[in-house]
Amino acid sequence: MKQFISVRDIGDLRSAVDEAMDIKKDRFKHVELGRNKTLLMIFFNSSLRTRLSTQKAAYNLGMNVIVLDINQGAWKLETERGVVMDGDKPEHLLEAIPVMGCYCDIIGVRSFARFENRDYDYNEVILNQFIRYSGKPVFSMEAATRHPLQSFADLITIEEYKTKPRPKVVMTWAPHPRPLPQAVPNSFAEWMNATDYDFVITHPEGYELDPRFVGEAKVEYDQMKAFEGADFIYAKNWAAYMGDNYGQILNCDRSWTVDSRQMSVTNNAYFMHCLPVRRNMIVADEVIEGPRSIVIPEAANREISATVVLKRLLEGLEG
Ligand code: AN0
Ligand code: CP
C-alpha cells in the first residue's frame, strides 16, 4: 500500500478485517518489519486516541516514532501559495513538508476542515500537499473529509459484535454546541457502503451530507423510525455541508440526544461513538455507561486498525 486516505486504499475489506483479527491475536507478530523505519506524525489539531493508538501501533511493528504538534513549538506555517510573507508566519508549508519528509519513512497527517471554504476543505489541499511534496507514503489521521483509521476500527468492532451477517447499522446526527467536521460521518458512510450491511443515516433536515459519501445509503429524517430494529447505533455530530450553510450549526435540537427512549425501539442495539463525546449532548449517561455501549472496545480497535495500515505501508516501501 502506498497511501491510506480513504476506503479505496485498503482494497478488499474481508481480507483487511481478517488481517486485523490476526494482528489482534498477536500484535507483535510483525515486530521486525519496522526496524530502523521512522514514523512521523504531524498534528495540526488536537488528538488523544489517534496520537496514542498510532504510536502504539508503530511500536508493535518495531518502528521509531516522532510526533510534532505544528501549533506547539514549530514555526507558524503559511499554507497559501503566492502570499507575501510579511505577517506572523515565518515558514511556508511548501518547504516544511519536504523537510519533514527527509527525516522519516512514513508520514501521518491530521488536518481538519477549516470551514472557511468548502472547496478548499473538500479538495483536501493540505493532505494533498503532503502527498505531493513529502516524497513519502502518507496516511490520514483525520483530514478535512475523511477519518479512515477510525472507520476501519469501527468496521472491525461491528464485525466482532454482530450476531447476523447483515446487521442494521444506523448513523445518527446528534446535537453539539460547536460546529464539527463531516470527516467522521463521511468516512463511516463510505466504509459502511462498501459492506453489505443494512445502513441507514438519520439527521434533521438541513444536515444532508455530501451525496458522494451518502451513496446508496438510506436517509431517514425521523430518528425514531430509523432506530427501529437497529443492531448498531453510531452517533456523531456534524455541521451543515449544503450550500451557504457549510460549516454552520442549524439547530441544536436536544430531542436528538441519544437516550433510552430511542434505544428502546432498537434490536437491543450496541451504542458506538468515535470519541471524544459530550455526554448529555450527543448521548445520555445511561446509554454510554450501559451494558450495550461498546465505545471503549471501539477505541481499543484503533490500535489494531493502525497496526494493519502501518504494516501495509511498510510492506509497500519495499515494492
Ligand atoms: C473531531 C471531529 O468531530 O471531527 C474529532 C473526532 C475524532 N471532534 C472534535 O473536534 C470534538
Ligand atoms: N476518535 C479519534 O480520532 O479521537 P482523537 O481525536 O482523540 O484522536
# chains A, B, ... in the order shown; residues from 1 in each chain; ligands from 1
$ residues_near_ligand --ligand "ligand 1" --cutoff "8 Å" --atoms "only C-alpha atoms and all ligand atoms" --output "PDB file with N, CA and C atoms, in the first residue's frame"
ATOM      1  N   SER A  46      -5.904  18.843  17.739  1.00  0.00           N
ATOM      2  CA  SER A  46      -5.777  18.025  18.955  1.00  0.00           C
ATOM      3  C   SER A  46      -6.105  16.564  18.696  1.00  0.00           C
ATOM      4  N   SER A  47      -5.615  15.704  19.590  1.00  0.00           N
ATOM      5  CA  SER A  47      -5.935  14.282  19.494  1.00  0.00           C
ATOM      6  C   SER A  47      -5.558  13.584  20.789  1.00  0.00           C
ATOM      7  N   PHE A 112      -7.811  18.994  10.049  1.00  0.00           N
ATOM      8  CA  PHE A 112      -9.277  19.058   9.962  1.00  0.00           C
ATOM      9  C   PHE A 112      -9.725  20.094   8.928  1.00  0.00           C
ATOM     10  N   GLU A 142      -7.140  11.738  10.212  1.00  0.00           N
ATOM     11  CA  GLU A 142      -8.329  12.579  10.046  1.00  0.00           C
ATOM     12  C   GLU A 142      -7.928  13.833   9.295  1.00  0.00           C
ATOM     13  N   HIS A 147     -11.917  10.163   7.907  1.00  0.00           N
ATOM     14  CA  HIS A 147     -11.118   9.665   9.047  1.00  0.00           C
ATOM     15  C   HIS A 147     -11.044   8.144   8.928  1.00  0.00           C
ATOM     16  N   GLN A 150     -10.336   5.626  11.813  1.00  0.00           N
ATOM     17  CA  GLN A 150     -11.499   5.460  12.683  1.00  0.00           C
ATOM     18  C   GLN A 150     -12.505   4.508  12.060  1.00  0.00           C
ATOM     19  N   LEU A 180     -18.772  20.817  14.089  1.00  0.00           N
ATOM     20  CA  LEU A 180     -17.764  19.765  13.912  1.00  0.00           C
ATOM     21  C   LEU A 180     -17.703  19.338  12.447  1.00  0.00           C
ATOM     22  N   PRO A 181     -16.518  18.888  12.016  1.00  0.00           N
ATOM     23  CA  PRO A 181     -16.328  18.458  10.624  1.00  0.00           C
ATOM     24  C   PRO A 181     -17.231  17.288  10.229  1.00  0.00           C
ATOM     25  N   GLN A 182     -17.350  17.074   8.929  1.00  0.00           N
ATOM     26  CA  GLN A 182     -18.101  15.917   8.409  1.00  0.00           C
ATOM     27  C   GLN A 182     -17.196  14.704   8.186  1.00  0.00           C
ATOM     28  N   ALA A 183     -15.918  14.821   8.543  1.00  0.00           N
ATOM     29  CA  ALA A 183     -14.971  13.755   8.193  1.00  0.00           C
ATOM     30  C   ALA A 183     -15.391  12.394   8.746  1.00  0.00           C
ATOM     31  N   VAL A 184     -15.774  12.352  10.021  1.00  0.00           N
ATOM     32  CA  VAL A 184     -16.126  11.054  10.623  1.00  0.00           C
ATOM     33  C   VAL A 184     -17.383  10.470   9.978  1.00  0.00           C
ATOM     34  N   LYS A 236     -23.025  10.709  16.017  1.00  0.00           N
ATOM     35  CA  LYS A 236     -21.991  11.698  15.682  1.00  0.00           C
ATOM     36  C   LYS A 236     -22.664  13.031  15.384  1.00  0.00           C
ATOM     37  N   ASN A 237     -22.048  14.085  15.815  1.00  0.00           N
ATOM     38  CA  ASN A 237     -22.473  15.410  15.350  1.00  0.00           C
ATOM     39  C   ASN A 237     -21.680  15.797  14.115  1.00  0.00           C
ATOM     40  N   TRP A 238     -22.328  16.570  13.255  1.00  0.00           N
ATOM     41  CA  TRP A 238     -21.591  17.249  12.187  1.00  0.00           C
ATOM     42  C   TRP A 238     -22.289  18.555  11.866  1.00  0.00           C
ATOM     43  N   CYS A 274     -17.102   7.585  18.045  1.00  0.00           N
ATOM     44  CA  CYS A 274     -15.644   7.587  17.842  1.00  0.00           C
ATOM     45  C   CYS A 274     -14.894   8.192  19.029  1.00  0.00           C
ATOM     46  N   LEU A 275     -15.574   9.015  19.852  1.00  0.00           N
ATOM     47  CA  LEU A 275     -14.960   9.764  20.952  1.00  0.00           C
ATOM     48  C   LEU A 275     -13.975  10.802  20.384  1.00  0.00           C
ATOM     49  N   PRO A 276     -13.793  11.942  20.995  1.00  0.00           N
ATOM     50  CA  PRO A 276     -14.378  12.384  22.263  1.00  0.00           C
ATOM     51  C   PRO A 276     -15.861  12.695  22.109  1.00  0.00           C
ATOM     52  N   VAL A 277     -16.624  12.417  23.180  1.00  0.00           N
ATOM     53  CA  VAL A 277     -18.065  12.635  23.131  1.00  0.00           C
ATOM     54  C   VAL A 277     -18.506  13.544  24.274  1.00  0.00           C
TER      55      VAL A 277
END
$ select_by_dssp --residues "range 97-302 of chain A" --states "strand (DSSP E or B)" --output "NGL selection string"
:A and (106-110 or 138-140 or 168-173 or 198-202 or 218-220 or 232-236 or 258 or 270-272 or 279 or 283 or 293)
$ closest_atom_pairs --of "range 239-273 of chain A" --to "range 283-293 of chain A" --cutoff "12 Å" --atoms "only C-alpha atoms" --output "Markdown table"
| residue | atom | partner | partner_atom | distance |
| --- | --- | --- | --- | --- |
| A:Arg254 | CA | A:Val283 | CA | 9.9 |
| A:Ser255 | CA | A:Val283 | CA | 10.7 |
| A:Trp256 | CA | A:Val283 | CA | 8.9 |
| A:Thr257 | CA | A:Val283 | CA | 5.3 |
| A:Val258 | CA | A:Val283 | CA | 4.5 |
| A:Asp259 | CA | A:Ala284 | CA | 5.0 |
| A:Ser260 | CA | A:Val287 | CA | 6.5 |
| A:Arg261 | CA | A:Val287 | CA | 10.0 |
| A:Gln262 | CA | A:Val287 | CA | 10.1 |
| A:Met263 | CA | A:Val287 | CA | 8.1 |
| A:Ser264 | CA | A:Val287 | CA | 10.6 |
| A:Thr266 | CA | A:Arg292 | CA | 11.4 |
| A:Asn267 | CA | A:Arg292 | CA | 11.0 |
| A:Asn268 | CA | A:Arg292 | CA | 7.6 |
| A:Ala269 | CA | A:Arg292 | CA | 6.8 |
| A:Tyr270 | CA | A:Arg292 | CA | 4.7 |
| A:Phe271 | CA | A:Ser293 | CA | 4.6 |
| A:Met272 | CA | A:Ser293 | CA | 6.5 |
| A:His273 | CA | A:Ser293 | CA | 9.0 |
$ write_last_selection --atoms "N, CA, C and O atoms" --output "tab-separated table (two decimals), in the first residue's frame"
chain	number	residue	atom	x	y	z
A	254	ARG	N	-32.13	19.13	21.21
A	254	ARG	CA	-31.75	18.12	22.20
A	254	ARG	C	-32.65	16.88	22.17
A	254	ARG	O	-32.33	15.89	22.82
A	255	SER	N	-33.74	16.94	21.40
A	255	SER	CA	-34.55	15.72	21.29
A	255	SER	C	-33.80	14.66	20.47
A	255	SER	O	-34.18	13.49	20.46
A	256	TRP	N	-32.72	15.07	19.78
A	256	TRP	CA	-31.90	14.11	19.03
A	256	TRP	C	-30.80	13.48	19.89
A	256	TRP	O	-30.10	12.57	19.43
A	257	THR	N	-30.58	13.94	21.12
A	257	THR	CA	-29.62	13.31	22.02
A	257	THR	C	-30.03	11.85	22.22
A	257	THR	O	-31.19	11.58	22.52
A	258	VAL	N	-29.07	10.94	22.04
A	258	VAL	CA	-29.42	9.51	22.12
A	258	VAL	C	-29.60	9.11	23.58
A	258	VAL	O	-28.66	9.17	24.37
A	259	ASP	N	-30.84	8.74	23.93
A	259	ASP	CA	-31.10	8.28	25.30
A	259	ASP	C	-31.92	6.99	25.26
A	259	ASP	O	-32.15	6.42	24.18
A	260	SER	N	-32.39	6.53	26.43
A	260	SER	CA	-33.04	5.21	26.47
A	260	SER	C	-34.36	5.20	25.70
A	260	SER	O	-34.80	4.15	25.25
A	261	ARG	N	-34.95	6.39	25.48
A	261	ARG	CA	-36.19	6.46	24.69
A	261	ARG	C	-35.94	5.92	23.28
A	261	ARG	O	-36.65	5.03	22.80
A	262	GLN	N	-34.90	6.45	22.61
A	262	GLN	CA	-34.63	5.96	21.24
A	262	GLN	C	-34.08	4.53	21.25
A	262	GLN	O	-34.43	3.72	20.40
A	263	MET	N	-33.20	4.23	22.23
A	263	MET	CA	-32.58	2.90	22.24
A	263	MET	C	-33.63	1.80	22.44
A	263	MET	O	-33.44	0.67	21.98
A	264	SER	N	-34.76	2.14	23.09
A	264	SER	CA	-35.78	1.12	23.41
A	264	SER	C	-36.46	0.56	22.15
A	264	SER	O	-37.02	-0.54	22.20
A	266	THR	N	-34.82	-0.12	19.35
A	266	THR	CA	-33.82	-0.85	18.57
A	266	THR	C	-33.89	-2.33	18.91
A	266	THR	O	-34.58	-2.74	19.85
A	267	ASN	N	-33.11	-3.13	18.18
A	267	ASN	CA	-32.97	-4.55	18.48
A	267	ASN	C	-31.87	-4.70	19.53
A	267	ASN	O	-30.83	-5.31	19.29
A	268	ASN	N	-32.09	-4.06	20.71
A	268	ASN	CA	-31.09	-4.09	21.79
A	268	ASN	C	-29.72	-3.70	21.21
A	268	ASN	O	-28.72	-4.39	21.40
A	269	ALA	N	-29.70	-2.57	20.49
A	269	ALA	CA	-28.53	-2.19	19.70
A	269	ALA	C	-27.32	-1.88	20.58
A	269	ALA	O	-27.45	-1.41	21.71
A	270	TYR	N	-26.16	-2.12	20.01
A	270	TYR	CA	-24.92	-1.63	20.59
A	270	TYR	C	-24.80	-0.14	20.28
A	270	TYR	O	-25.20	0.31	19.20
A	271	PHE	N	-24.22	0.62	21.21
A	271	PHE	CA	-24.01	2.05	21.00
A	271	PHE	C	-22.53	2.30	20.69
A	271	PHE	O	-21.64	1.85	21.42
A	272	MET	N	-22.30	3.05	19.61
A	272	MET	CA	-20.93	3.38	19.20
A	272	MET	C	-20.75	4.89	19.04
A	272	MET	O	-21.69	5.60	18.66
A	273	HIS	N	-19.55	5.37	19.32
A	273	HIS	CA	-19.15	6.76	19.03
A	273	HIS	C	-17.63	6.78	18.95
A	273	HIS	O	-16.95	6.09	19.72
$ residues_around --residues "Leu77 in chain A" --least-positions-apart "2" --cutoff "7 Å" --atoms "only C-alpha atoms" --output "PyMOL selection string"
chain A and resi 75+79+89-93
$ closest_residue --among "A:Glu78, A:Glu116, A:Asp210, A:Glu190" --to "Ala96 in chain A" --atoms "only C-alpha atoms"
A:Glu78
$ residues_around --residues "Leu13 in chain A" --least-positions-apart "4" --cutoff "8 Å" --atoms "only C-alpha atoms" --output "ChimeraX atom specification"
/A:17,194-195
$ write_last_selection --atoms "N, CA, C and O atoms" --output "compact mmCIF listing (two decimals), in the first residue's frame"
# COMPACT_ATOMS: atom_id res chain seq x y z
N VAL A 17 -10.12 -7.08 7.37
CA VAL A 17 -10.64 -7.46 8.70
C VAL A 17 -9.95 -8.74 9.18
O VAL A 17 -9.56 -8.84 10.35
N ALA A 194 -19.36 0.21 1.60
CA ALA A 194 -18.50 -0.81 0.98
C ALA A 194 -18.77 -2.21 1.56
O ALA A 194 -18.18 -3.18 1.12
N THR A 195 -19.65 -2.29 2.58
CA THR A 195 -20.06 -3.59 3.12
C THR A 195 -21.44 -3.93 2.55
O THR A 195 -22.01 -3.14 1.79
$ atom_distance --atom1 "CA of Trp191 in chain A" --atom2 "CA of Gln129 in chain A"
24.5 Å
$ residues_around --residues "Ser151 in chain A" --least-positions-apart "5" --cutoff "10 Å" --atoms "only C-alpha atoms" --output "list in words"
Ser6, Val7, Arg146, Ile156, Thr157, Val184, Pro185, Asn186, Ser187, Phe188, Ala189, Glu190, Trp191, Met192, Cys274, Arg302 and Ser305 of chain A
$ write_last_selection --atoms "N, CA, C and O atoms" --output "PDB file, in the first residue's frame"
ATOM      1  N   SER A   6      -8.410   6.853   2.107  1.00  0.00           N
ATOM      2  CA  SER A   6      -9.834   6.510   2.000  1.00  0.00           C
ATOM      3  C   SER A   6      -9.979   4.998   1.922  1.00  0.00           C
ATOM      4  O   SER A   6      -8.995   4.270   1.806  1.00  0.00           O
ATOM      5  N   VAL A   7     -11.246   4.546   1.927  1.00  0.00           N
ATOM      6  CA  VAL A   7     -11.524   3.102   1.891  1.00  0.00           C
ATOM      7  C   VAL A   7     -10.937   2.460   0.637  1.00  0.00           C
ATOM      8  O   VAL A   7     -10.567   1.273   0.658  1.00  0.00           O
ATOM      9  N   ARG A 146     -12.322  12.960   5.595  1.00  0.00           N
ATOM     10  CA  ARG A 146     -12.396  11.547   5.977  1.00  0.00           C
ATOM     11  C   ARG A 146     -11.554  11.248   7.215  1.00  0.00           C
ATOM     12  O   ARG A 146     -10.561  11.938   7.470  1.00  0.00           O
ATOM     13  N   ILE A 156     -14.074  -3.118  12.165  1.00  0.00           N
ATOM     14  CA  ILE A 156     -13.555  -4.261  12.935  1.00  0.00           C
ATOM     15  C   ILE A 156     -14.474  -4.521  14.133  1.00  0.00           C
ATOM     16  O   ILE A 156     -14.841  -5.663  14.433  1.00  0.00           O
ATOM     17  N   THR A 157     -14.895  -3.435  14.802  1.00  0.00           N
ATOM     18  CA  THR A 157     -15.732  -3.554  16.003  1.00  0.00           C
ATOM     19  C   THR A 157     -17.090  -4.170  15.650  1.00  0.00           C
ATOM     20  O   THR A 157     -17.572  -5.071  16.349  1.00  0.00           O
ATOM     21  N   VAL A 184     -15.774  12.352  10.021  1.00  0.00           N
ATOM     22  CA  VAL A 184     -16.126  11.054  10.623  1.00  0.00           C
ATOM     23  C   VAL A 184     -17.383  10.470   9.978  1.00  0.00           C
ATOM     24  O   VAL A 184     -17.360   9.318   9.528  1.00  0.00           O
ATOM     25  N   PRO A 185     -18.483  11.236   9.876  1.00  0.00           N
ATOM     26  CA  PRO A 185     -19.668  10.650   9.215  1.00  0.00           C
ATOM     27  C   PRO A 185     -19.456  10.353   7.736  1.00  0.00           C
ATOM     28  O   PRO A 185     -19.936   9.317   7.241  1.00  0.00           O
ATOM     29  N   ASN A 186     -18.746  11.203   7.001  1.00  0.00           N
ATOM     30  CA  ASN A 186     -18.454  10.910   5.589  1.00  0.00           C
ATOM     31  C   ASN A 186     -17.758   9.564   5.456  1.00  0.00           C
ATOM     32  O   ASN A 186     -18.100   8.719   4.625  1.00  0.00           O
ATOM     33  N   SER A 187     -16.722   9.418   6.276  1.00  0.00           N
ATOM     34  CA  SER A 187     -15.871   8.249   6.187  1.00  0.00           C
ATOM     35  C   SER A 187     -16.624   6.999   6.623  1.00  0.00           C
ATOM     36  O   SER A 187     -16.561   5.952   5.956  1.00  0.00           O
ATOM     37  N   PHE A 188     -17.391   7.122   7.733  1.00  0.00           N
ATOM     38  CA  PHE A 188     -18.170   5.969   8.197  1.00  0.00           C
ATOM     39  C   PHE A 188     -19.131   5.529   7.093  1.00  0.00           C
ATOM     40  O   PHE A 188     -19.252   4.329   6.802  1.00  0.00           O
ATOM     41  N   ALA A 189     -19.788   6.489   6.448  1.00  0.00           N
ATOM     42  CA  ALA A 189     -20.729   6.159   5.366  1.00  0.00           C
ATOM     43  C   ALA A 189     -19.997   5.459   4.226  1.00  0.00           C
ATOM     44  O   ALA A 189     -20.471   4.454   3.676  1.00  0.00           O
ATOM     45  N   GLU A 190     -18.820   5.970   3.887  1.00  0.00           N
ATOM     46  CA  GLU A 190     -18.052   5.391   2.785  1.00  0.00           C
ATOM     47  C   GLU A 190     -17.685   3.927   3.072  1.00  0.00           C
ATOM     48  O   GLU A 190     -17.767   3.062   2.185  1.00  0.00           O
ATOM     49  N   TRP A 191     -17.293   3.658   4.323  1.00  0.00           N
ATOM     50  CA  TRP A 191     -16.917   2.285   4.692  1.00  0.00           C
ATOM     51  C   TRP A 191     -18.148   1.398   4.805  1.00  0.00           C
ATOM     52  O   TRP A 191     -18.122   0.238   4.378  1.00  0.00           O
ATOM     53  N   MET A 192     -19.225   1.898   5.389  1.00  0.00           N
ATOM     54  CA  MET A 192     -20.444   1.077   5.510  1.00  0.00           C
ATOM     55  C   MET A 192     -21.003   0.749   4.126  1.00  0.00           C
ATOM     56  O   MET A 192     -21.499  -0.349   3.889  1.00  0.00           O
ATOM     57  N   CYS A 274     -17.102   7.585  18.045  1.00  0.00           N
ATOM     58  CA  CYS A 274     -15.644   7.587  17.842  1.00  0.00           C
ATOM     59  C   CYS A 274     -14.894   8.192  19.029  1.00  0.00           C
ATOM     60  O   CYS A 274     -13.710   7.945  19.191  1.00  0.00           O
ATOM     61  N   ARG A 302      -8.651   1.024  17.540  1.00  0.00           N
ATOM     62  CA  ARG A 302      -7.832   1.992  16.802  1.00  0.00           C
ATOM     63  C   ARG A 302      -6.378   1.523  16.724  1.00  0.00           C
ATOM     64  O   ARG A 302      -5.705   1.752  15.712  1.00  0.00           O
ATOM     65  N   SER A 305      -6.468  -1.168  13.878  1.00  0.00           N
ATOM     66  CA  SER A 305      -6.567  -0.636  12.504  1.00  0.00           C
ATOM     67  C   SER A 305      -5.263   0.049  12.122  1.00  0.00           C
ATOM     68  O   SER A 305      -4.767  -0.103  11.002  1.00  0.00           O
TER      69      SER A 305
END
$ select_by_dssp --residues "range 135-181 of chain A" --states "helix (DSSP H, G or I)" --output "JSON, numbers by chain"
{"A": [148, 149, 150, 151, 152, 153, 154, 155, 156, 157, 158, 159, 160, 161]}
